[in-house]
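K.L.:
My structure is stored as final-v2.tsv, with TSV, C-alpha atoms (C1' of nucleotides).
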```
chain	number	residue	atom	x	y	z
A	21	MET	CA	-52.92	45.98	-24.19
A	22	ILE	CA	-55.13	43.20	-22.95
A	23	SER	CA	-56.57	41.54	-26.05
A	24	THR	CA	-60.02	40.10	-26.58
A	25	LYS	CA	-58.77	36.72	-25.45
A	26	GLY	CA	-58.07	37.85	-21.92
A	27	ARG	CA	-61.07	40.14	-21.78
A	28	TYR	CA	-63.50	37.52	-23.07
A	29	ALA	CA	-62.02	34.93	-20.71
A	30	LEU	CA	-62.75	37.23	-17.82
A	31	ARG	CA	-66.31	37.75	-19.04
A	32	ILE	CA	-66.79	33.99	-19.30
A	33	MET	CA	-65.61	33.60	-15.71
A	34	ILE	CA	-67.84	36.41	-14.48
A	35	ASP	CA	-70.77	34.96	-16.38
A	36	LEU	CA	-70.27	31.55	-14.82
A	37	ALA	CA	-69.82	33.06	-11.37
A	38	SER	CA	-73.17	34.80	-11.81
A	39	GLN	CA	-75.03	31.57	-12.57
A	40	ASP	CA	-76.06	28.72	-10.31
A	41	SER	CA	-72.73	27.36	-9.13
A	42	ASP	CA	-73.79	23.70	-9.23
A	43	ALA	CA	-75.19	23.59	-12.74
A	44	PHE	CA	-73.21	23.02	-15.91
A	45	ILE	CA	-73.73	26.03	-18.15
A	46	PRO	CA	-73.63	25.44	-21.92
A	47	LEU	CA	-71.28	27.72	-23.86
A	48	LYS	CA	-74.17	28.60	-26.15
A	49	ASP	CA	-75.88	30.38	-23.24
A	50	ILE	CA	-72.73	32.25	-22.26
A	51	ALA	CA	-72.13	33.32	-25.86
A	52	GLU	CA	-75.69	34.59	-26.19
A	53	ARG	CA	-75.66	36.47	-22.90
A	54	GLN	CA	-72.30	38.04	-23.66
A	55	GLY	CA	-73.03	38.72	-27.32
A	56	ILE	CA	-69.83	37.02	-28.46
A	57	SER	CA	-69.44	34.35	-31.16
A	58	LYS	CA	-69.68	30.90	-29.59
A	59	LYS	CA	-67.06	29.57	-31.97
A	60	TYR	CA	-64.53	32.13	-30.82
A	61	LEU	CA	-65.32	31.49	-27.18
A	62	GLU	CA	-64.66	27.78	-27.73
A	63	ILE	CA	-61.01	28.57	-28.35
A	64	ILE	CA	-60.76	30.70	-25.24
A	65	ILE	CA	-62.67	28.45	-22.88
A	66	LYS	CA	-60.41	25.60	-23.91
A	67	ASP	CA	-57.54	27.40	-22.19
A	68	LEU	CA	-59.61	27.85	-19.06
A	69	VAL	CA	-60.40	24.13	-18.92
A	70	GLU	CA	-56.80	23.09	-19.64
A	71	GLY	CA	-55.60	25.57	-17.05
A	72	ASN	CA	-57.83	23.85	-14.49
A	73	LEU	CA	-60.00	26.87	-13.84
A	74	LEU	CA	-63.16	25.22	-15.15
A	75	THR	CA	-64.76	21.77	-15.21
A	76	SER	CA	-66.43	20.72	-18.43
A	77	LEU	CA	-68.99	18.05	-19.19
A	78	SER	CA	-69.88	16.82	-22.67
A	79	GLY	CA	-73.28	15.75	-23.89
A	80	LYS	CA	-76.81	16.82	-23.13
A	81	GLY	CA	-77.04	18.65	-19.83
A	82	GLY	CA	-73.34	19.40	-20.07
A	83	GLY	CA	-71.46	22.64	-20.19
A	84	TYR	CA	-68.98	24.40	-17.98
A	85	LYS	CA	-68.77	25.38	-14.34
A	86	LEU	CA	-66.27	26.92	-11.94
A	87	LYS	CA	-63.91	24.63	-10.06
A	88	ARG	CA	-63.61	26.98	-7.09
A	89	LYS	CA	-65.51	29.77	-5.41
A	90	PRO	CA	-65.30	33.19	-7.14
A	91	GLU	CA	-63.23	34.64	-4.29
A	92	GLU	CA	-60.63	31.94	-4.87
A	93	TYR	CA	-59.83	33.09	-8.42
A	94	SER	CA	-57.55	36.05	-9.01
A	95	VAL	CA	-58.11	38.14	-12.11
A	96	GLY	CA	-54.36	37.78	-12.65
A	97	GLU	CA	-54.40	34.04	-13.14
A	98	ILE	CA	-57.29	34.30	-15.61
A	99	ILE	CA	-55.55	36.92	-17.71
A	100	GLU	CA	-52.12	35.40	-17.45
A	101	LEU	CA	-53.44	32.01	-18.53
A	102	THR	CA	-55.27	33.29	-21.58
A	103	GLU	CA	-52.93	36.09	-22.64
A	104	GLY	CA	-49.87	33.91	-22.14
A	105	SER	CA	-48.05	36.36	-19.92
A	106	LEU	CA	-48.51	39.45	-17.80
A	107	ALA	CA	-44.93	40.57	-18.41
A	108	PRO	CA	-44.56	44.19	-19.57
A	109	VAL	CA	-41.61	43.54	-21.87
A	110	ALA	CA	-40.48	40.50	-23.85
A	111	CYS	CA	-37.30	39.96	-21.82
A	112	LEU	CA	-39.32	39.42	-18.63
A	113	ALA	CA	-41.70	36.83	-20.04
A	114	ALA	CA	-41.32	33.30	-18.68
A	115	LYS	CA	-40.42	31.85	-22.06
A	116	ALA	CA	-37.85	34.54	-22.82
A	117	GLU	CA	-34.27	33.50	-23.34
A	118	ASP	CA	-31.73	35.33	-21.22
A	119	CYS	CA	-31.00	38.76	-22.61
A	120	PRO	CA	-27.26	39.33	-22.98
A	121	ARG	CA	-27.80	43.00	-22.19
A	122	ALA	CA	-29.53	42.25	-18.87
A	123	SER	CA	-26.58	42.88	-16.55
A	124	GLY	CA	-25.94	46.38	-17.86
A	125	CYS	CA	-29.48	47.25	-18.93
A	126	ILE	CA	-30.38	50.62	-17.53
A	127	THR	CA	-34.09	50.20	-18.14
A	128	LEU	CA	-34.48	46.70	-16.70
A	129	PRO	CA	-35.19	47.88	-13.12
A	130	LEU	CA	-37.99	50.05	-14.47
A	131	TRP	CA	-39.62	47.13	-16.27
A	132	LYS	CA	-39.21	44.90	-13.23
A	133	GLU	CA	-40.81	47.45	-10.95
A	134	TYR	CA	-43.64	47.92	-13.42
A	135	GLY	CA	-44.06	44.17	-13.84
A	136	GLU	CA	-44.44	43.75	-10.09
A	137	LEU	CA	-46.99	46.55	-9.92
A	138	VAL	CA	-49.09	44.94	-12.64
A	139	HIS	CA	-48.75	41.49	-11.11
A	140	ASN	CA	-49.81	42.69	-7.68
A	141	PHE	CA	-52.73	44.63	-9.04
A	142	PHE	CA	-54.20	41.71	-10.94
A	143	TYR	CA	-53.41	39.00	-8.41
A	144	ASN	CA	-55.00	40.97	-5.60
A	145	LYS	CA	-58.20	41.43	-7.57
A	146	LYS	CA	-60.52	38.49	-7.17
A	147	LEU	CA	-63.24	37.27	-9.49
A	148	SER	CA	-65.71	37.94	-6.68
A	149	ASP	CA	-64.72	41.64	-6.75
A	150	LEU	CA	-66.23	41.88	-10.21
A	151	LEU	CA	-69.69	40.57	-9.38
A	152	ASN	CA	-72.36	43.17	-8.85
A	153	ASP	CA	-75.23	41.22	-7.43
B	26	MET	CA	-46.44	44.63	-23.74
B	27	ILE	CA	-44.21	47.59	-24.44
B	28	SER	CA	-42.78	47.02	-27.92
B	29	THR	CA	-39.30	47.84	-29.20
B	30	LYS	CA	-40.57	51.21	-30.37
B	31	GLY	CA	-41.27	52.46	-26.88
B	32	ARG	CA	-38.27	50.73	-25.37
B	33	TYR	CA	-35.84	52.02	-27.99
B	34	ALA	CA	-37.32	55.51	-27.69
B	35	LEU	CA	-36.60	55.44	-23.99
B	36	ARG	CA	-33.04	54.29	-24.65
B	37	ILE	CA	-32.56	57.12	-27.14
B	38	MET	CA	-33.74	59.61	-24.54
B	39	ILE	CA	-31.52	58.13	-21.84
B	40	ASP	CA	-28.57	58.12	-24.22
B	41	LEU	CA	-29.08	61.79	-25.08
B	42	ALA	CA	-29.53	62.69	-21.43
B	43	SER	CA	-26.18	61.05	-20.71
B	44	GLN	CA	-24.32	63.16	-23.28
B	45	ASP	CA	-23.30	66.78	-23.24
B	46	SER	CA	-26.61	68.58	-23.12
B	47	ASP	CA	-25.57	71.43	-25.42
B	48	ALA	CA	-24.17	69.37	-28.28
B	49	PHE	CA	-26.14	67.90	-31.15
B	50	ILE	CA	-25.60	64.14	-31.09
B	51	PRO	CA	-25.72	62.32	-34.42
B	52	LEU	CA	-28.05	59.33	-34.56
B	53	LYS	CA	-25.18	57.22	-35.84
B	54	ASP	CA	-23.47	57.59	-32.45
B	55	ILE	CA	-26.61	56.69	-30.54
B	56	ALA	CA	-27.21	53.66	-32.73
B	57	GLU	CA	-23.65	52.43	-32.21
B	58	ARG	CA	-23.69	52.96	-28.45
B	59	GLN	CA	-27.05	51.24	-28.11
B	60	GLY	CA	-26.32	48.49	-30.60
B	61	ILE	CA	-29.49	49.13	-32.55
B	62	SER	CA	-29.89	49.60	-36.32
B	63	LYS	CA	-29.67	53.29	-37.17
B	64	LYS	CA	-32.31	52.88	-39.85
B	65	TYR	CA	-34.83	51.56	-37.38
B	66	LEU	CA	-34.03	54.29	-34.89
B	67	GLU	CA	-34.69	56.90	-37.60
B	68	ILE	CA	-38.35	55.90	-37.61
B	69	ILE	CA	-38.58	56.11	-33.85
B	70	ILE	CA	-36.66	59.34	-33.35
B	71	LYS	CA	-38.93	60.97	-35.92
B	72	ASP	CA	-41.80	60.58	-33.46
B	73	LEU	CA	-39.73	62.14	-30.70
B	74	VAL	CA	-38.94	65.17	-32.85
B	75	GLU	CA	-42.52	65.56	-34.07
B	76	GLY	CA	-43.73	65.17	-30.50
B	77	ASN	CA	-41.51	68.07	-29.53
B	78	LEU	CA	-39.34	66.10	-27.18
B	79	LEU	CA	-36.17	66.61	-29.21
B	80	THR	CA	-34.56	69.30	-31.35
B	81	SER	CA	-32.89	68.18	-34.55
B	82	LEU	CA	-30.33	69.83	-36.80
B	83	SER	CA	-29.41	68.67	-40.28
B	84	GLY	CA	-25.98	68.75	-41.82
B	85	LYS	CA	-22.47	68.43	-40.53
B	86	GLY	CA	-22.29	69.00	-36.80
B	87	GLY	CA	-25.98	68.23	-36.62
B	88	GLY	CA	-27.88	65.57	-34.76
B	89	TYR	CA	-30.36	65.54	-31.94
B	90	LYS	CA	-30.58	66.98	-28.46
B	91	LEU	CA	-33.08	67.22	-25.64
B	92	LYS	CA	-35.45	70.18	-25.54
B	93	ARG	CA	-35.74	70.11	-21.76
B	94	LYS	CA	-33.85	68.94	-18.72
B	95	PRO	CA	-34.07	65.18	-18.00
B	96	GLU	CA	-36.12	65.77	-14.85
B	97	GLU	CA	-38.73	67.53	-16.98
B	98	TYR	CA	-39.54	64.47	-19.07
B	99	SER	CA	-41.82	61.76	-17.75
B	100	VAL	CA	-41.26	58.22	-18.93
B	101	GLY	CA	-44.99	58.16	-19.59
B	102	GLU	CA	-44.95	60.83	-22.25
B	103	ILE	CA	-42.07	59.13	-24.05
B	104	ILE	CA	-43.79	55.76	-24.11
B	105	GLU	CA	-47.23	57.12	-24.84
B	106	LEU	CA	-45.91	59.15	-27.77
B	107	THR	CA	-44.07	56.28	-29.40
B	108	GLU	CA	-46.42	53.42	-28.53
B	109	GLY	CA	-49.49	55.43	-29.48
B	110	SER	CA	-51.31	54.85	-26.21
B	111	LEU	CA	-50.84	53.70	-22.67
B	112	ALA	CA	-54.44	52.44	-22.46
B	113	PRO	CA	-54.79	48.86	-21.17
B	114	VAL	CA	-57.74	47.96	-23.39
B	115	ALA	CA	-58.87	49.16	-26.81
B	116	CYS	CA	-62.05	50.81	-25.55
B	117	LEU	CA	-60.05	53.19	-23.33
B	118	ALA	CA	-57.66	54.40	-26.05
B	119	ALA	CA	-58.06	58.02	-27.11
B	120	LYS	CA	-58.94	57.12	-30.68
B	121	ALA	CA	-61.52	54.52	-29.63
B	122	GLU	CA	-65.10	55.00	-30.69
B	123	ASP	CA	-67.65	54.85	-27.89
B	124	CYS	CA	-68.37	51.28	-26.92
B	125	PRO	CA	-72.12	50.61	-26.88
B	126	ARG	CA	-71.58	48.19	-23.99
B	127	ALA	CA	-69.84	50.81	-21.83
B	128	SER	CA	-72.80	51.72	-19.61
B	129	GLY	CA	-73.43	48.15	-18.51
B	130	CYS	CA	-69.90	46.81	-18.82
B	131	ILE	CA	-69.00	44.99	-15.66
B	132	THR	CA	-65.28	44.96	-16.40
B	133	LEU	CA	-64.88	48.61	-17.38
B	134	PRO	CA	-64.20	49.86	-13.83
B	135	LEU	CA	-61.39	47.32	-13.56
B	136	TRP	CA	-59.76	48.54	-16.77
B	137	LYS	CA	-60.17	52.16	-15.72
B	138	GLU	CA	-58.57	51.53	-12.36
B	139	TYR	CA	-55.74	49.64	-14.02
B	140	GLY	CA	-55.32	52.37	-16.64
B	141	GLU	CA	-54.93	54.98	-13.92
B	142	LEU	CA	-52.39	52.87	-12.09
B	143	VAL	CA	-50.30	52.50	-15.22
B	144	HIS	CA	-50.63	56.16	-16.10
B	145	ASN	CA	-49.57	57.30	-12.66
B	146	PHE	CA	-46.64	54.93	-12.55
B	147	PHE	CA	-45.17	56.10	-15.83
B	148	TYR	CA	-45.97	59.78	-15.49
B	149	ASN	CA	-44.38	59.93	-12.05
B	150	LYS	CA	-41.19	58.35	-13.33
B	151	LYS	CA	-38.86	60.95	-14.80
B	152	LEU	CA	-36.13	60.49	-17.37
B	153	SER	CA	-33.66	61.69	-14.73
B	154	ASP	CA	-34.65	58.72	-12.53
B	155	LEU	CA	-33.13	56.40	-15.12
B	156	LEU	CA	-29.67	57.98	-15.26
B	157	ASN	CA	-27.01	56.21	-13.26
B	158	ASP	CA	-24.12	58.64	-13.31
C	8	DG	C1'	-81.10	6.76	-32.25
C	9	DA	C1'	-81.93	11.61	-31.90
C	10	DA	C1'	-80.50	15.73	-29.66
C	11	DA	C1'	-77.32	18.59	-27.27
C	12	DA	C1'	-73.36	19.47	-25.84
C	13	DA	C1'	-68.05	19.60	-25.74
C	14	DC	C1'	-64.01	19.01	-28.49
C	15	DC	C1'	-60.77	18.93	-32.41
C	16	DT	C1'	-58.49	20.64	-36.65
C	17	DA	C1'	-57.88	23.69	-40.20
C	18	DT	C1'	-57.97	27.98	-42.44
C	19	DC	C1'	-58.09	32.96	-43.07
C	20	DA	C1'	-57.98	38.19	-43.51
C	21	DA	C1'	-56.29	42.13	-41.38
C	22	DA	C1'	-53.33	44.43	-38.49
C	23	DT	C1'	-49.05	44.95	-36.06
C	24	DT	C1'	-44.20	44.38	-35.32
C	25	DG	C1'	-39.63	44.91	-36.40
C	26	DA	C1'	-37.22	45.95	-39.49
C	27	DT	C1'	-34.41	47.13	-44.42
C	28	DG	C1'	-33.21	49.90	-48.63
C	29	DG	C1'	-32.62	53.73	-51.44
C	30	DG	C1'	-32.86	58.18	-52.27
C	31	DT	C1'	-33.39	63.66	-51.22
C	32	DA	C1'	-32.55	67.93	-48.59
C	33	DA	C1'	-29.85	70.73	-45.49
C	34	DA	C1'	-25.79	72.58	-43.46
C	35	DA	C1'	-21.04	73.01	-42.65
C	36	DA	C1'	-16.06	72.46	-43.98
C	37	DT	C1'	-12.75	72.57	-47.63
D	6	DA	C1'	-18.36	75.17	-55.78
D	7	DT	C1'	-17.97	70.70	-54.11
D	8	DT	C1'	-17.54	67.28	-50.78
D	9	DT	C1'	-18.97	65.49	-46.48
D	10	DT	C1'	-22.05	64.74	-42.96
D	11	DT	C1'	-26.07	64.77	-41.26
D	12	DA	C1'	-31.36	64.60	-40.96
D	13	DC	C1'	-35.41	63.39	-43.51
D	14	DC	C1'	-38.68	60.99	-46.66
D	15	DC	C1'	-40.91	57.01	-48.89
D	16	DA	C1'	-41.60	52.45	-49.97
D	17	DT	C1'	-41.44	47.63	-49.09
D	18	DC	C1'	-41.28	43.30	-46.55
D	19	DA	C1'	-41.34	38.91	-43.74
D	20	DA	C1'	-42.99	37.13	-39.59
D	21	DT	C1'	-46.15	37.12	-36.02
D	22	DT	C1'	-50.35	38.11	-33.67
D	23	DT	C1'	-55.16	39.00	-33.52
D	24	DG	C1'	-59.73	37.95	-34.07
D	25	DA	C1'	-62.13	35.26	-35.87
D	26	DT	C1'	-64.94	31.38	-39.11
D	27	DA	C1'	-66.02	26.57	-40.80
D	28	DG	C1'	-66.85	21.90	-40.55
D	29	DG	C1'	-66.51	17.64	-38.56
D	30	DT	C1'	-66.10	14.12	-34.41
D	31	DT	C1'	-66.99	12.46	-29.86
D	32	DT	C1'	-69.56	12.17	-25.61
D	33	DT	C1'	-73.64	11.92	-22.92
D	34	DT	C1'	-78.46	11.98	-21.89
D	35	DC	C1'	-83.29	11.13	-23.02
```
So, in terms of structure tokens, how does the structure I just supplied come out?
P.N.:
Amino acid sequence: MISTKGRYALRIMIDLASQDSDAFIPLKDIAERQGISKKYLEIIIKDLVEGNLLTSLSGKGGGYKLKRKPEEYSVGEIIELTEGSLAPVACLAAKAEDCPRASGCITLPLWKEYGELVHNFFYNKKLSDLLND
Amino acid sequence: MISTKGRYALRIMIDLASQDSDAFIPLKDIAERQGISKKYLEIIIKDLVEGNLLTSLSGKGGGYKLKRKPEEYSVGEIIELTEGSLAPVACLAAKAEDCPRASGCITLPLWKEYGELVHNFFYNKKLSDLLND
DNA sequence: GAAAAACCTATCAAATTGATGGGTAAAAAT
DNA sequence: ATTTTTACCCATCAATTTGATAGGTTTTTC
């Protein structure tokens, strides 16, 4: 299941994409619009900044804004960045050590096929596909 | 991610489907073949029996066997039964209470579309598709 | 220098995951 | 009858993840 981290990250990105694209939007505003604790969003938005999806600016008049146009973000990269991985099973995650069972594993092809399906679904969906205005 | 519960359940089912379909197979044998703790598998196989996927027989000569032919089991029902749900987000799980945000939720259609994709993938895959002999 | 913002560090309760251990009941073989 | 083999039942547990909260520091503008 996609946890709140990935889901809230997506809502942050949608929120920013719905605002004036040149202005820096304070997190306080996003938190209020989305009805989510600002403190919790701080943790999540940190990943988005570190992952180079957002630009941030400190101080008065600061906030966050998108680095690219909404159609240039895939939903997949947003979720993968904040959830850590899109892999369907532990042995297919990037950080996973090589499973000794892999060569004879009868279920591995299933998980690979599923992993590709999920990857394609989310990487073909763009942030712009989620905007309704 | 699919946890060990769902993955081991699938391996139990594949193991049983690879044995003589009339015989009761003791869990001890499955555990040894699969290299998984028998005690842990007990917990998992309980779900499979209660979910009516397997028949069990106590006592000497007892064990477990499939209730149907391998082509009559979908991978989806095995995973859904043991993992609890195949839903991609909490608000789409069967046990979820109605989300007050649902009507205006901009991301809900995405999760629904994804949920259907996942459901179709796993329900169209049959246990017989995973047998290699 | 005050105000508004990001940023940084720590902590925490609850739930989930991945098991282990010990005992009871059932069925068959001897 | 008793032993053996099996399923079945119940409790516990350590580690990790999830979903936050709290408080303080730095940066920037007015």
K.L.:
Per residue of region 47-136 of chain B within 12 Å of region 54-65 of chain A, record the nearest atom pair and its distance in Å to one decimal, counting all atoms listed in the file, with rows in chain order and ascending residue number, as a Markdown table.
P.N.:
```
| residue | atom | partner | partner_atom | distance |
| --- | --- | --- | --- | --- |
| B:Pro125 | CA | A:Gly55 | CA | 11.9 |
| B:Arg126 | CA | A:Gly55 | CA | 10.1 |
| B:Gly129 | CA | A:Gln54 | CA | 11.4 |
| B:Cys130 | CA | A:Gln54 | CA | 10.3 |
| B:Ile131 | CA | A:Gln54 | CA | 11.1 |
```
K.L.:
Please provide as a PyMOL selection string all residues within 12 Å of DA20 (chain D), with the sequence filter that same-chain residues fewer than 4 positions apart are discarded (counting all atoms listed in the file).
P.N.:
chain C and resi 23-26
K.L.:
Can you build me a table of chain C residues sitting at most 8 Å from chain A, with the closest atom pair per residue and its distance in Å to one decimal, using all atoms listed in the file, sorted by chain and residue number, as JSON lines?
P.N.:
```
{"residue": "C:DA10", "atom": "C1'", "partner": "A:Lys80", "partner_atom": "CA", "distance": 7.6}
{"residue": "C:DA11", "atom": "C1'", "partner": "A:Lys80", "partner_atom": "CA", "distance": 4.5}
{"residue": "C:DA12", "atom": "C1'", "partner": "A:Gly79", "partner_atom": "CA", "distance": 4.2}
{"residue": "C:DA13", "atom": "C1'", "partner": "A:Ser78", "partner_atom": "CA", "distance": 4.5}
```
K.L.:
At a cut-off of 12 Å, using only C-alpha atoms (C1' of nucleotides), what residues contact DT16 (chain C)? Leave out same-chain residues fewer than 3 positions from it and give the result as a PyMOL selection string.
P.N.:
(chain A and resi 63) or (chain D and resi 27-30)
K.L.:
Would you write out, as CSV, a table of all residues in chain B that have an atom no more than 7 Å from an atom of chain A, listing for each the closest atom pair and the distance in Å to one decimal, considering only C-alpha atoms and ordering rows by chain and rising residue number?
P.N.:
```
residue,atom,partner,partner_atom,distance
B:Met26,CA,A:Pro108,CA,4.6
B:Ile27,CA,A:Val109,CA,5.5
B:Ala112,CA,A:Met21,CA,6.9
B:Pro113,CA,A:Met21,CA,4.6
B:Val114,CA,A:Met21,CA,5.3
B:Ile131,CA,A:Leu150,CA,6.9
B:Thr132,CA,A:Leu150,CA,7.0
B:Leu155,CA,A:Ile126,CA,6.8
```
K.L.:
Specify as a list in words all residues of chain D found within 12 Å of chain A, counting only C-alpha atoms (C1' of nucleotides).
P.N.:
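Every residue of chain D that passes the 12 Å test is in DT22, DT23, DG24, DA25, DT26, DA27, DG28, DT31, DT32, DT33, DT34 and DC35 of chain D.
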K.L.:
Please report the interatomic distance between CA of Glu91 (chain A) and CA of His139 (chain A) in Å with one decimal.
P.N.:
17.4 Å
K.L.:
Between CA of Leu73 (chain B) and CA of Glu108 (chain B), measure the distance and give it in Å to one decimal.
P.N.:
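Taking CA of Leu73 (chain B) and CA of Glu108 (chain B), their separation equals 11.2 Å.
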K.L.:
Using all atoms listed in the file, which protein or nucleic acid residues come within 12 Å of DG29 (chain C)? Drop anything in the same chain fewer than 6 positions from it, and give the result as a PyMOL selection string.
P.N.:
(chain B and resi 64) or (chain D and resi 14-17)
K.L.:
Mind pulling up the distance from CA of Cys124 (chain B) to CA of Tyr148 (chain B)?
P.N.:
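Atom-to-atom, CA of Tyr148 (chain B) to CA of Cys124 (chain B), that is 26.5 Å.
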K.L.:
Pick from A:Glu136, A:Gly71, A:Cys111, A:Asp118: nearest to Ile98 (chain A), with all atoms listed in the file counted?
P.N.:
A:Gly71
